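Novice: Sharing my_file-v9.txt, compact mmCIF, C-alpha atoms and all ligand atoms:
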```
# COMPACT_ATOMS: atom_id res chain seq x y z
CA MET G 26 94.58 103.97 132.22
CA PHE G 27 96.62 101.49 130.10
CA THR G 28 98.12 99.66 133.05
CA ASN G 29 98.14 96.15 131.61
CA GLY G 30 101.89 95.82 132.03
CA ASN G 31 102.89 97.27 128.69
CA LYS G 32 105.93 99.39 129.45
CA GLY G 33 105.33 101.46 126.36
CA HIS G 34 102.38 103.23 127.94
CA SER G 35 102.69 106.55 129.59
CA LYS G 36 100.44 109.46 130.41
CA SER G 37 101.52 111.12 127.17
CA GLY G 38 100.10 108.26 125.09
CA VAL G 39 100.65 104.71 123.89
CA ASP G 40 104.01 103.91 122.32
CA PHE G 41 102.83 101.98 119.27
CA LEU G 42 106.43 101.14 118.39
CA ASP G 43 107.19 99.42 121.70
CA GLN G 44 108.07 95.77 121.06
CA SER G 45 105.72 94.44 123.75
CA PHE G 46 102.85 96.32 122.09
CA ILE G 47 103.84 94.98 118.67
CA ASN G 48 103.99 91.39 119.97
CA ASN G 49 100.38 91.56 121.09
CA PRO G 50 98.61 94.85 120.39
CA PHE G 51 95.08 93.55 120.93
CA PRO G 52 94.69 94.10 124.72
CA VAL G 53 95.86 97.69 124.32
CA TYR G 54 93.50 98.29 121.40
CA LYS G 55 90.67 96.95 123.54
CA GLU G 56 91.48 99.44 126.30
CA LEU G 57 91.69 102.25 123.78
CA ARG G 58 88.34 101.37 122.21
CA ASN G 59 86.76 101.38 125.67
CA GLU G 60 88.48 104.33 127.25
CA ASP G 61 90.05 106.62 124.68
CA PRO G 62 88.93 105.75 121.14
CA VAL G 63 90.39 108.94 119.64
CA HIS G 64 93.81 108.71 121.24
CA ARG G 65 96.60 111.28 121.10
CA PHE G 66 100.10 109.79 121.08
CA PRO G 67 103.69 110.88 120.38
CA LEU G 68 105.60 109.90 117.23
CA PRO G 69 109.38 109.33 117.38
CA SER G 70 109.78 112.72 115.63
CA GLY G 71 108.30 114.40 118.72
CA HIS G 72 105.11 115.35 116.87
CA PHE G 73 101.77 114.11 118.13
CA ALA G 74 99.21 112.17 116.12
CA TRP G 75 95.78 110.61 116.70
CA MET G 76 94.96 106.89 116.64
CA ILE G 77 91.37 105.90 115.82
CA THR G 78 90.45 102.47 117.17
CA ARG G 79 86.66 101.98 116.88
CA TYR G 80 85.09 100.47 113.76
CA GLU G 81 82.36 103.07 113.39
CA ASP G 82 84.81 105.96 113.70
CA ALA G 83 87.21 104.30 111.25
CA VAL G 84 84.55 104.02 108.58
CA GLU G 85 83.42 107.59 109.19
CA ILE G 86 86.93 109.06 109.04
CA PHE G 87 87.70 107.33 105.72
CA GLN G 88 84.60 108.93 104.21
CA ASP G 89 85.09 112.35 105.71
CA LYS G 90 86.52 114.79 103.14
CA ARG G 91 88.21 116.82 105.90
CA PHE G 92 90.76 114.01 106.39
CA VAL G 93 92.98 113.54 103.36
CA THR G 94 96.23 111.86 102.35
CA ASN G 95 97.44 114.89 100.43
CA PRO G 96 96.64 118.16 102.23
CA PRO G 97 96.81 121.48 100.34
CA PHE G 98 99.28 122.91 102.88
CA MET G 99 101.85 120.24 101.89
CA GLY G 100 102.40 122.22 98.68
CA ASN G 101 102.84 120.83 95.24
CA VAL G 102 106.11 118.94 95.00
CA GLU G 103 105.96 118.42 91.25
CA GLY G 104 109.30 119.27 89.69
CA ALA G 105 110.93 119.82 93.07
CA ALA G 106 112.57 116.43 93.33
CA PRO G 107 114.52 114.23 90.89
CA PRO G 108 112.08 112.29 88.68
CA HIS G 109 112.72 108.94 90.35
CA GLN G 110 111.90 110.42 93.75
CA GLU G 111 108.88 112.29 92.50
CA ILE G 112 107.46 108.91 91.63
CA ILE G 113 107.35 108.01 95.30
CA SER G 114 105.53 111.17 96.22
CA ARG G 115 103.04 111.09 93.37
CA ASN G 116 101.59 107.62 93.75
CA LEU G 117 97.92 106.71 94.14
CA LEU G 118 98.01 106.87 97.91
CA SER G 119 99.29 110.41 97.99
CA VAL G 120 97.90 112.37 95.04
CA ASN G 121 95.09 114.86 95.56
CA PRO G 122 91.47 113.63 95.32
CA GLU G 123 90.94 114.98 91.81
CA ASP G 124 94.05 113.31 90.35
CA HIS G 125 93.22 110.23 92.39
CA ARG G 126 89.76 109.93 90.83
CA ARG G 127 91.19 110.26 87.35
CA LEU G 128 94.00 107.75 87.96
CA ARG G 129 91.77 105.18 89.67
CA ARG G 130 89.29 105.35 86.78
CA LEU G 131 91.97 104.73 84.19
CA ILE G 132 93.76 102.03 86.16
CA GLN G 133 90.55 100.21 86.98
CA LYS G 134 90.10 99.67 83.24
CA ALA G 135 93.24 97.53 83.16
CA PHE G 136 93.11 96.06 86.65
CA THR G 137 90.06 93.96 85.87
CA PRO G 138 88.71 90.67 87.23
CA ARG G 139 89.70 89.16 83.87
CA MET G 140 93.30 90.29 84.32
CA ILE G 141 93.38 88.78 87.83
CA GLU G 142 91.78 85.55 86.67
CA ARG G 143 94.41 85.31 83.93
CA LEU G 144 96.98 84.96 86.73
CA ARG G 145 95.27 82.12 88.60
CA GLY G 146 97.08 79.28 86.82
CA ARG G 147 100.47 80.90 87.26
CA ILE G 148 99.90 81.57 90.99
CA VAL G 149 99.08 77.87 91.46
CA GLU G 150 102.25 76.93 89.59
CA ILE G 151 104.43 79.35 91.54
CA SER G 152 103.09 78.13 94.92
CA ASP G 153 103.61 74.52 93.90
CA GLU G 154 107.11 75.19 92.57
CA LEU G 155 108.20 76.88 95.80
CA LEU G 156 106.87 74.06 97.97
CA ASP G 157 108.16 71.31 95.66
CA LYS G 158 111.61 72.83 95.94
CA VAL G 159 111.46 72.40 99.73
CA LEU G 160 110.05 68.87 99.44
CA ALA G 161 112.73 67.88 96.93
CA SER G 162 115.49 69.04 99.28
CA GLY G 163 114.58 66.20 101.64
CA LYS G 164 114.34 68.56 104.60
CA ARG G 165 111.23 68.34 106.73
CA GLU G 166 111.26 72.00 107.69
CA LEU G 167 111.15 75.46 106.16
CA ASP G 168 110.97 79.13 107.06
CA LEU G 169 107.49 79.91 105.92
CA ILE G 170 108.34 83.58 105.39
CA ALA G 171 111.73 83.37 103.62
CA ASP G 172 111.09 80.19 101.63
CA TYR G 173 107.48 80.73 100.64
CA ALA G 174 105.50 83.81 101.64
CA PHE G 175 108.23 86.30 100.64
CA PRO G 176 109.15 85.11 97.13
CA LEU G 177 105.59 84.40 96.05
CA PRO G 178 104.02 87.90 95.72
CA ILE G 179 106.97 89.43 93.88
CA MET G 180 107.00 86.54 91.43
CA VAL G 181 103.29 87.16 90.88
CA ILE G 182 103.86 90.90 90.38
CA CYS G 183 106.55 90.16 87.74
CA GLU G 184 104.16 87.81 86.04
CA MET G 185 101.34 90.33 86.17
CA LEU G 186 103.43 93.18 84.77
CA GLY G 187 105.00 91.03 82.10
CA VAL G 188 108.60 91.31 83.31
CA PRO G 189 110.51 88.84 81.09
CA LEU G 190 111.68 85.68 82.84
CA GLU G 191 115.36 86.46 82.32
CA ASP G 192 114.97 89.82 84.11
CA GLN G 193 112.96 88.56 87.05
CA ASP G 194 115.93 88.03 89.41
CA LYS G 195 117.17 91.56 88.77
CA PHE G 196 113.68 92.99 89.18
CA GLN G 197 113.16 91.07 92.44
CA GLU G 198 116.48 92.24 93.83
CA TRP G 199 115.65 95.88 93.06
CA SER G 200 112.16 95.73 94.46
CA ASN G 201 113.43 94.03 97.63
CA THR G 202 116.02 96.78 98.11
CA ILE G 203 113.38 99.44 97.52
CA MET G 204 111.11 97.72 100.05
CA GLU G 205 113.93 97.60 102.61
CA GLY G 206 114.74 101.26 102.02
CA PHE G 207 111.11 102.10 102.51
CA ASN G 208 111.24 100.54 105.98
CA ASN G 209 114.71 101.64 106.98
CA PRO G 210 115.91 105.26 106.65
CA HIS G 211 119.57 104.14 106.84
CA MET G 212 119.14 102.46 103.48
CA ASN G 213 118.21 105.68 101.73
CA GLU G 214 121.34 106.09 99.68
CA LYS G 215 121.34 102.55 98.38
CA SER G 216 117.64 102.54 97.63
CA ASP G 217 118.01 105.87 95.85
CA GLU G 218 120.58 104.30 93.53
CA VAL G 219 118.41 101.26 92.96
CA MET G 220 115.37 103.43 92.36
CA LYS G 221 117.22 105.11 89.47
CA ALA G 222 118.18 101.78 87.94
CA PHE G 223 114.63 100.57 88.42
CA VAL G 224 113.10 103.56 86.64
CA ASP G 225 115.60 103.18 83.77
CA TYR G 226 114.56 99.56 83.48
CA LEU G 227 110.86 100.45 83.44
CA HIS G 228 111.55 103.04 80.76
CA VAL G 229 113.03 100.37 78.48
CA LEU G 230 110.25 97.89 79.28
CA ILE G 231 107.47 100.41 78.65
CA THR G 232 109.06 101.68 75.42
CA GLU G 233 109.35 98.13 74.18
CA ARG G 234 105.71 97.37 75.11
CA ARG G 235 104.47 100.48 73.36
CA GLN G 236 105.85 98.97 70.15
CA HIS G 237 104.68 95.40 70.81
CA LEU G 238 101.65 95.16 73.07
CA GLN G 239 101.26 91.84 74.87
CA GLU G 240 98.87 90.12 77.28
CA ASP G 241 100.12 91.78 80.44
CA LEU G 242 99.27 94.64 82.78
CA ILE G 243 101.89 97.07 81.41
CA SER G 244 100.43 96.67 77.91
CA ASP G 245 96.89 97.08 79.27
CA LEU G 246 97.89 100.20 81.19
CA ILE G 247 99.50 101.68 78.08
CA SER G 248 96.30 101.03 76.15
CA VAL G 249 93.72 102.37 78.62
CA GLU G 250 92.10 105.52 77.50
CA GLU G 251 89.01 107.40 78.49
CA GLU G 252 87.65 110.41 76.65
CA GLY G 253 91.08 111.04 75.18
CA ASP G 254 92.82 110.74 78.55
CA VAL G 255 95.70 108.28 79.00
CA LEU G 256 98.28 107.52 81.68
CA SER G 257 101.52 109.48 81.32
CA GLU G 258 104.91 107.80 81.45
CA GLN G 259 105.48 109.18 84.97
CA GLU G 260 102.12 107.89 86.10
CA LEU G 261 102.96 104.45 84.78
CA TYR G 262 106.22 104.39 86.78
CA ALA G 263 104.41 105.58 89.89
CA LEU G 264 101.81 102.90 89.49
CA VAL G 265 104.30 100.06 89.06
CA PHE G 266 106.11 101.38 92.10
CA VAL G 267 102.98 101.49 94.26
CA LEU G 268 101.92 98.03 93.10
CA ILE G 269 105.20 96.67 94.39
CA ILE G 270 105.14 98.54 97.67
CA ALA G 271 101.46 98.04 98.44
CA GLY G 272 101.23 94.54 97.05
CA HIS G 273 104.32 92.95 98.47
CA GLU G 274 104.65 92.95 102.26
CA THR G 275 100.92 92.88 102.76
CA THR G 276 100.61 89.63 100.82
CA VAL G 277 103.72 88.11 102.46
CA ASN G 278 102.13 88.65 105.83
CA LEU G 279 98.66 87.61 104.80
CA ILE G 280 100.15 84.17 104.17
CA GLY G 281 102.31 84.24 107.33
CA ASN G 282 99.69 85.65 109.73
CA GLY G 283 97.07 83.37 108.20
CA MET G 284 99.09 80.22 108.71
CA LEU G 285 99.95 81.26 112.26
CA VAL G 286 96.32 81.62 113.31
CA LEU G 287 95.47 78.31 111.62
CA LEU G 288 98.28 76.56 113.54
CA ASP G 289 97.08 78.28 116.73
CA ASN G 290 93.55 77.02 116.15
CA PRO G 291 93.95 73.37 115.11
CA GLU G 292 90.21 72.68 115.12
CA GLN G 293 89.73 75.48 112.56
CA LYS G 294 92.61 74.13 110.48
CA GLN G 295 90.95 70.71 110.56
CA LEU G 296 87.64 72.21 109.43
CA LEU G 297 89.44 73.72 106.46
CA LEU G 298 91.25 70.47 105.65
CA ASN G 299 87.90 68.65 105.71
CA ASP G 300 86.19 71.20 103.49
CA PRO G 301 88.55 73.13 101.14
CA GLU G 302 85.60 75.31 100.03
CA LEU G 303 85.86 77.04 103.39
CA ILE G 304 89.03 78.75 102.16
CA HIS G 305 86.97 81.81 101.06
CA PRO G 306 85.40 82.63 104.46
CA ALA G 307 88.62 81.45 106.16
CA LEU G 308 90.60 84.05 104.24
CA GLU G 309 88.15 86.80 105.22
CA GLU G 310 88.42 85.72 108.85
CA ILE G 311 92.24 85.75 108.66
CA LEU G 312 92.07 89.29 107.24
CA ARG G 313 89.76 90.37 110.06
CA TYR G 314 91.47 88.57 112.93
CA ASN G 315 95.13 89.06 112.06
CA GLY G 316 95.30 91.11 108.86
CA PRO G 317 98.68 92.33 107.60
CA ALA G 318 97.75 96.03 107.30
CA GLU G 319 97.60 96.97 110.96
CA VAL G 320 97.31 100.73 110.64
CA SER G 321 96.34 103.03 107.76
CA ASN G 322 98.56 105.48 105.98
CA ILE G 323 98.55 109.00 107.41
CA ARG G 324 95.48 111.17 107.06
CA TRP G 325 95.79 114.93 107.62
CA ALA G 326 93.09 117.19 109.01
CA THR G 327 92.49 120.02 106.54
CA GLU G 328 90.63 122.08 109.15
CA ASP G 329 89.92 122.10 112.89
CA VAL G 330 87.52 119.27 113.71
CA GLU G 331 85.73 118.33 116.95
CA TYR G 332 85.76 114.54 116.89
CA GLY G 333 84.89 112.04 119.63
CA GLY G 334 85.14 114.80 122.22
CA LYS G 335 88.64 115.74 121.06
CA HIS G 336 89.84 118.87 119.36
CA ILE G 337 91.71 117.84 116.22
CA ARG G 338 93.58 120.78 114.77
CA GLN G 339 94.18 121.65 111.14
CA GLY G 340 97.43 119.92 110.09
CA ASP G 341 97.15 117.16 112.69
CA MET G 342 97.98 113.61 111.60
CA LEU G 343 95.57 110.72 112.08
CA PHE G 344 96.03 106.99 111.81
CA VAL G 345 93.26 104.42 111.78
CA SER G 346 93.95 101.00 113.25
CA PHE G 347 92.39 98.38 110.98
CA SER G 348 93.46 95.68 113.46
CA SER G 349 91.55 97.37 116.26
CA ALA G 350 88.46 98.24 114.20
CA ASN G 351 88.29 94.63 113.04
CA ARG G 352 88.07 93.44 116.65
CA ASP G 353 85.41 95.93 117.72
CA PRO G 354 82.66 94.02 119.59
CA GLN G 355 80.10 96.59 118.42
CA GLN G 356 80.60 95.22 114.93
CA PHE G 357 81.75 91.61 115.43
CA PRO G 358 80.25 89.30 118.07
CA GLU G 359 83.03 87.46 119.99
CA PRO G 360 85.68 89.48 118.14
CA ASP G 361 88.63 87.66 119.74
CA MET G 362 87.43 84.31 118.49
CA PHE G 363 88.90 83.03 115.24
CA ASP G 364 85.95 81.44 113.47
CA ILE G 365 86.28 80.57 109.77
CA THR G 366 82.53 79.95 109.55
CA ARG G 367 81.67 83.49 110.68
CA LYS G 368 78.63 84.50 108.67
CA VAL G 369 78.77 88.30 108.61
CA ASN G 370 82.26 89.69 108.18
CA ASN G 371 82.40 93.33 107.09
CA HIS G 372 86.05 93.75 108.02
CA ILE G 373 88.02 96.75 106.78
CA ALA G 374 91.36 94.96 106.34
CA PHE G 375 91.56 96.41 102.80
CA GLY G 376 90.62 99.91 103.92
CA LYS G 377 87.49 101.88 103.09
CA GLY G 378 86.54 104.85 100.94
CA ILE G 379 88.44 106.17 97.95
CA HIS G 380 91.75 104.47 98.85
CA PHE G 381 90.17 101.03 99.21
CA CYS G 382 92.83 98.52 98.20
CA LEU G 383 93.16 98.32 94.43
CA GLY G 384 94.78 94.88 94.74
CA ALA G 385 92.17 93.25 97.00
CA PRO G 386 90.98 90.69 94.40
CA LEU G 387 94.58 89.72 93.63
CA ALA G 388 95.51 89.54 97.33
CA ARG G 389 92.51 87.29 98.00
CA LEU G 390 93.41 85.01 95.11
CA GLU G 391 97.07 84.77 96.17
CA GLY G 392 96.17 84.17 99.82
CA GLU G 393 93.66 81.46 99.01
CA ILE G 394 95.93 79.62 96.60
CA ALA G 395 99.02 79.91 98.83
CA ILE G 396 97.30 78.63 101.98
CA HIS G 397 95.42 75.92 100.12
CA ALA G 398 98.66 74.66 98.50
CA LEU G 399 100.45 74.56 101.86
CA LEU G 400 97.71 72.61 103.59
CA ARG G 401 97.42 70.22 100.66
CA LYS G 402 101.13 69.48 100.39
CA MET G 403 101.98 69.68 104.09
CA PRO G 404 98.84 68.78 106.05
CA ASP G 405 100.85 68.06 109.25
CA ILE G 406 102.55 71.44 109.18
CA ARG G 407 103.41 72.67 112.70
CA LEU G 408 105.38 75.39 114.42
CA ASN G 409 109.04 74.48 114.88
CA THR G 410 109.62 76.71 117.88
CA THR G 411 107.64 78.11 120.79
CA GLU G 412 105.05 80.74 120.06
CA GLU G 413 106.78 83.12 122.54
CA SER G 414 110.03 83.05 120.60
CA LEU G 415 108.43 84.26 117.36
CA GLU G 416 109.43 87.83 116.63
CA TRP G 417 107.11 90.40 115.10
CA ARG G 418 108.49 92.99 112.73
CA GLN G 419 108.89 96.54 113.85
CA GLY G 420 106.85 99.41 112.52
CA MET G 421 103.30 100.61 112.89
CA ILE G 422 101.77 99.96 109.50
CA ILE G 423 102.46 96.30 108.75
CA ARG G 424 101.82 93.39 111.10
CA GLY G 425 103.97 90.36 110.31
CA LEU G 426 106.51 87.83 111.57
CA LYS G 427 110.26 88.15 110.96
CA ASP G 428 110.76 84.39 110.64
CA PHE G 429 108.31 81.54 110.83
CA PRO G 430 110.05 78.16 111.27
CA VAL G 431 107.75 75.20 110.67
CA SER G 432 108.16 71.47 110.19
CA PHE G 433 105.85 69.12 108.38
C1 LIG G 501 96.52 91.01 101.97
C2 LIG G 501 97.03 91.86 101.16
C3 LIG G 501 96.70 93.33 101.17
C4 LIG G 501 96.16 94.11 102.15
C5 LIG G 501 95.72 93.68 103.55
C6 LIG G 501 96.07 95.44 101.62
C7 LIG G 501 95.56 96.52 102.32
C8 LIG G 501 95.43 97.79 101.80
C9 LIG G 501 94.87 98.90 102.54
C10 LIG G 501 94.38 98.83 103.97
C11 LIG G 501 94.89 99.99 101.73
C12 LIG G 501 94.38 101.38 102.08
C13 LIG G 501 95.36 102.13 102.93
C14 LIG G 501 94.82 103.44 103.47
O1 LIG G 501 93.67 103.80 103.20
O2 LIG G 501 95.57 104.12 104.19
C15 LIG G 501 95.47 99.55 100.46
C16 LIG G 501 95.67 100.38 99.38
C17 LIG G 501 96.25 99.93 98.21
N1 LIG G 501 96.62 98.65 97.89
FE1 LIG G 501 96.48 97.02 99.06
N2 LIG G 501 96.55 95.46 100.34
C18 LIG G 501 96.94 94.17 100.01
C19 LIG G 501 97.45 93.74 98.82
C20 LIG G 501 97.60 94.52 97.71
C21 LIG G 501 98.05 94.04 96.41
C22 LIG G 501 98.37 92.59 96.09
C23 LIG G 501 98.11 95.13 95.60
C24 LIG G 501 98.50 95.24 94.16
C25 LIG G 501 99.16 94.40 93.45
C26 LIG G 501 97.69 96.28 96.38
C27 LIG G 501 97.62 97.57 95.90
C28 LIG G 501 97.13 98.65 96.61
C29 LIG G 501 97.08 99.99 96.07
C30 LIG G 501 97.53 100.42 94.68
C31 LIG G 501 96.53 100.80 97.06
C32 LIG G 501 96.26 102.31 96.98
C33 LIG G 501 94.89 102.52 96.46
C34 LIG G 501 94.50 103.98 96.41
O3 LIG G 501 95.11 104.83 97.08
O4 LIG G 501 93.57 104.28 95.66
N3 LIG G 501 97.38 95.87 97.65
N4 LIG G 501 95.78 98.21 100.54
```
Give the structure from this file in structure tokens form.
Ligand code: HEM
Specialist:
Amino acid sequence: MFTNGNKGHSKSGVDFLDQSFINNPFPVYKELRNEDPVHRFPLPSGHFAWMITRYEDAVEIFQDKRFVTNPPFMGNVEGAAPPHQEIISRNLLSVNPEDHRRLRRLIQKAFTPRMIERLRGRIVEISDELLDKVLASGKRELDLIADYAFPLPIMVICEMLGVPLEDQDKFQEWSNTIMEGFNNPHMNEKSDEVMKAFVDYLHVLITERRQHLQEDLISDLISVEEEGDVLSEQELYALVFVLIIAGHETTVNLIGNGMLVLLDNPEQKQLLLNDPELIHPALEEILRYNGPAEVSNIRWATEDVEYGGKHIRQGDMLFVSFSSANRDPQQFPEPDMFDITRKVNNHIAFGKGIHFCLGAPLARLEGEIAIHALLRKMPDIRLNTTEESLEWRQGMIIRGLKDFPVSF
């Protein structure tokens, strides 16, 4: 089993952190779907976890109440950590189902299609500004990640929250450090310091907004109320934090991964250039074929479960591979074909069940505008290096390129 040359494979399970797996995980996922769809594998910590790779199982697991993001045996950490750290542990993705329901209901009242639509004009302007800066420099090349895909989402988040223009650089610097710390345990001390400064900043911003409500998400979140219930100050911090974490790298890599598959499939890129309306199905196909969220957050088994012929024990960790489920031939005919005219596309690139991505409408809007702007301003865009020399970022959760040199 798993003998396709990937050195990361062993009898004890696939090494999902092995660089050769990360560079091209799809052949391994195919083997897993066929031969061991509920796969036990070791984590660097020495613990074992399960990887779910079939579409049908993925959908079922996300709707099964026995698999949760916040198991009762984890204990209640409230009050146990400094407030700025508690924020990390009490965000939407990790609160218990009851709190989650309440928070989602309140947040959904502010995170509306109208709020997203309000951002459209600014997202167009930001994309254009970033590309015009490159064009004005006279260079005929750029790093699509560093120069475009990376700055764009955080600028949009600042805009959405209503962070004043003069504070945006500071805010971006903090959120980038927090993001780095999130991915790199050696950064903990620095990101801890930044996290404190960040929370202090949010405190001032929120206090100011409470006095003068404006047309922005912070003001809307302050104002939401249902049957006397409102979001607490802590919950507001936690939400801003999760919006940055969940909304940043995913969107960066939606743009990067999307452009890569378009450059890899020039006939599909041409189709899109000929008919810009195809951007909507093209974006869905990008999400399915090479989406940025490769694997879900951890789910914990709250009891012993027999699943797919395996004995999952209470306390075991599970991951679901969105990238694998989205290439399952039982669900998608010719799954390894990138086809922007695909008619039926029920991908789960934004998850499924109660944790379905809150930011999906915003991510779609950003992705569509960003890719459309690139193709419009740089129709001859092409890779500036060989495909083999592109490096994929480490980690299991996010799929994305480190750098993406292109010329135009
Ligand atoms: C292409 C871009 C994006 C992708 C592929 C994506 C994907 C996902 C996925 C797969 C989940 C569920 C994770 C799980 O169940 O383990 C999720 C949750 C979430 N996402 Fe996104 N996301 C994207 C962009 C965004 C943006 C732009 C925002 C907000 C500004 C956002 C906010 C969230 C939040 C708050 C959650 C947690 C929801 C909950 O637990 O109820 N995401 N996202």
Novice: Within 9 Å of (105.7, 108.2, 120.7), only C-alpha atoms: residues as a short mmCIF file (atom, residue, chain, number, x, y, z; two decimals) with C-alpha atoms, keeping the file's coordinate frame?
Specialist:
```
data_model
loop_
_atom_site.label_atom_id
_atom_site.label_comp_id
_atom_site.auth_asym_id
_atom_site.auth_seq_id
_atom_site.Cartn_x
_atom_site.Cartn_y
_atom_site.Cartn_z
CA GLY G 33 105.33 101.46 126.36
CA SER G 37 101.52 111.12 127.17
CA GLY G 38 100.10 108.26 125.09
CA VAL G 39 100.65 104.71 123.89
CA ASP G 40 104.01 103.91 122.32
CA PHE G 41 102.83 101.98 119.27
CA LEU G 42 106.43 101.14 118.39
CA ASP G 43 107.19 99.42 121.70
CA PHE G 66 100.10 109.79 121.08
CA PRO G 67 103.69 110.88 120.38
CA LEU G 68 105.60 109.90 117.23
CA PRO G 69 109.38 109.33 117.38
CA SER G 70 109.78 112.72 115.63
CA GLY G 71 108.30 114.40 118.72
CA HIS G 72 105.11 115.35 116.87
CA PHE G 73 101.77 114.11 118.13
CA ALA G 74 99.21 112.17 116.12
#
```
Novice: Taking 4 positions as the minimum chain separation for residues in the same chain, which residues sit within 6 Å of region 149-165 of chain G when counting all atoms listed in the file? Answer as a PyMOL selection string.
Specialist: chain G and resi 395+432-433
Novice: Could you list, as number ranges by chain, every residue within 12 Å of Tyr226 (chain G), counting all atoms listed in the file and ignoring same-chain residues fewer than 3 positions away?
Specialist: G: 109, 188-189, 192-193, 195-196, 199-200, 219-223, 229-233, 262, 265
Novice: Please produce a file of the residues just selected, as a PDB file, keeping the file's coordinate frame, where the atoms kept are C-alpha atoms.
Specialist:
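See result_7.pdb below for the written result:
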```
ATOM      1  CA  HIS G 109     112.720 108.940  90.350  1.00  0.00           C
ATOM      2  CA  VAL G 188     108.600  91.310  83.310  1.00  0.00           C
ATOM      3  CA  PRO G 189     110.510  88.840  81.090  1.00  0.00           C
ATOM      4  CA  ASP G 192     114.970  89.820  84.110  1.00  0.00           C
ATOM      5  CA  GLN G 193     112.960  88.560  87.050  1.00  0.00           C
ATOM      6  CA  LYS G 195     117.170  91.560  88.770  1.00  0.00           C
ATOM      7  CA  PHE G 196     113.680  92.990  89.180  1.00  0.00           C
ATOM      8  CA  TRP G 199     115.650  95.880  93.060  1.00  0.00           C
ATOM      9  CA  SER G 200     112.160  95.730  94.460  1.00  0.00           C
ATOM     10  CA  VAL G 219     118.410 101.260  92.960  1.00  0.00           C
ATOM     11  CA  MET G 220     115.370 103.430  92.360  1.00  0.00           C
ATOM     12  CA  LYS G 221     117.220 105.110  89.470  1.00  0.00           C
ATOM     13  CA  ALA G 222     118.180 101.780  87.940  1.00  0.00           C
ATOM     14  CA  PHE G 223     114.630 100.570  88.420  1.00  0.00           C
ATOM     15  CA  VAL G 229     113.030 100.370  78.480  1.00  0.00           C
ATOM     16  CA  LEU G 230     110.250  97.890  79.280  1.00  0.00           C
ATOM     17  CA  ILE G 231     107.470 100.410  78.650  1.00  0.00           C
ATOM     18  CA  THR G 232     109.060 101.680  75.420  1.00  0.00           C
ATOM     19  CA  GLU G 233     109.350  98.130  74.180  1.00  0.00           C
ATOM     20  CA  TYR G 262     106.220 104.390  86.780  1.00  0.00           C
ATOM     21  CA  VAL G 265     104.300 100.060  89.060  1.00  0.00           C
TER      22      VAL G 265
END
```
Novice: Please identify every residue of chain G that has at least one atom no farther than 6 Å from an atom of ligand LIG 501 (chain G), counting all atoms listed in the file, and for each give the shortest atom pair and the distance in Å to one decimal, arranged by chain then increasing number, as CSV.
Specialist:
```
residue,atom,partner,partner_atom,distance
G:Leu117,CA,G:LIG501,O3,4.5
G:Leu118,CA,G:LIG501,O3,3.6
G:Val267,CA,G:LIG501,C30,5.6
G:Leu268,CA,G:LIG501,C24,4.5
G:Ala271,CA,G:LIG501,C27,4.6
G:Gly272,CA,G:LIG501,C21,3.3
G:Thr275,CA,G:LIG501,C2,4.3
G:Thr276,CA,G:LIG501,C2,4.2
G:Leu279,CA,G:LIG501,C1,4.9
G:Gly316,CA,G:LIG501,C5,5.9
G:Pro317,CA,G:LIG501,C5,5.2
G:Ala318,CA,G:LIG501,C5,4.9
G:Ser321,CA,G:LIG501,O2,3.8
G:Asn322,CA,G:LIG501,O2,3.7
G:Ala374,CA,G:LIG501,C5,5.3
G:Phe375,CA,G:LIG501,C10,3.9
G:Gly376,CA,G:LIG501,C10,3.9
G:Ile379,CA,G:LIG501,O4,5.9
G:His380,CA,G:LIG501,O4,3.7
G:Phe381,CA,G:LIG501,C12,5.1
G:Cys382,CA,G:LIG501,C16,3.6
G:Leu383,CA,G:LIG501,C28,4.5
G:Gly384,CA,G:LIG501,C23,3.4
G:Ala385,CA,G:LIG501,C19,5.6
G:Leu387,CA,G:LIG501,C22,5.4
G:Ala388,CA,G:LIG501,C22,4.4
```
Novice: Mind giving me the straight-line distance from CA of Leu343 (chain G) to CA of Trp75 (chain G) in Å, one decimal?
Specialist: 4.6 Å
Novice: Which neighbours of Arg324 (chain G) fall inside 7 Å, counting all atoms listed in the file, when residues of the same chain fewer than 2 positions from it are skipped, and could you give them as a compact mmCIF listing (two decimals) with C-alpha atoms, in the frame of the given file?
Specialist:
```
# COMPACT_ATOMS: atom_id res chain seq x y z
CA PHE G 92 90.76 114.01 106.39
CA VAL G 93 92.98 113.54 103.36
CA THR G 94 96.23 111.86 102.35
CA ASN G 322 98.56 105.48 105.98
CA ALA G 326 93.09 117.19 109.01
CA MET G 342 97.98 113.61 111.60
CA LEU G 343 95.57 110.72 112.08
CA PHE G 344 96.03 106.99 111.81
```
Novice: Enter the distance from CA of Glu359 (chain G) to CA of Glu412 (chain G), in Å, rounded to one decimal.
Specialist: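 Separation of CA of Glu359 (chain G) and CA of Glu412 (chain G): 23.0 Å.
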Novice: Pick from G:Thr327, G:Lys215, G:Asp353, G:Val369: nearest to Lys55 (chain G), with all atoms listed in the file counted?
Specialist: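 For Lys55 (chain G), the nearest of the given residues is G:Asp353.
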Novice: At what distance in Å, to one decimal, does CA of Glu310 (chain G) lie from CA of Ala83 (chain G)?
Specialist: 18.8 Å
Novice: List as a VMD selection string the protein and nucleic acid residues near Asp428 (chain G), meaning an atom at most 12 Å away when all atoms listed in the file are counted, but skip any in the same chain fewer than 3 places from it.
Specialist: chain G and resid 167 to 175 277 to 278 281 to 282 285 408 to 410 412 414 to 418 425 431
Novice: For Pro122 (chain G), which of G:Thr137, G:Asn95, G:Asn315, G:Asn370 is the closest residue, counting only C-alpha atoms?
Specialist: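 Selected residue with least distance to Pro122 (chain G): G:Asn95.
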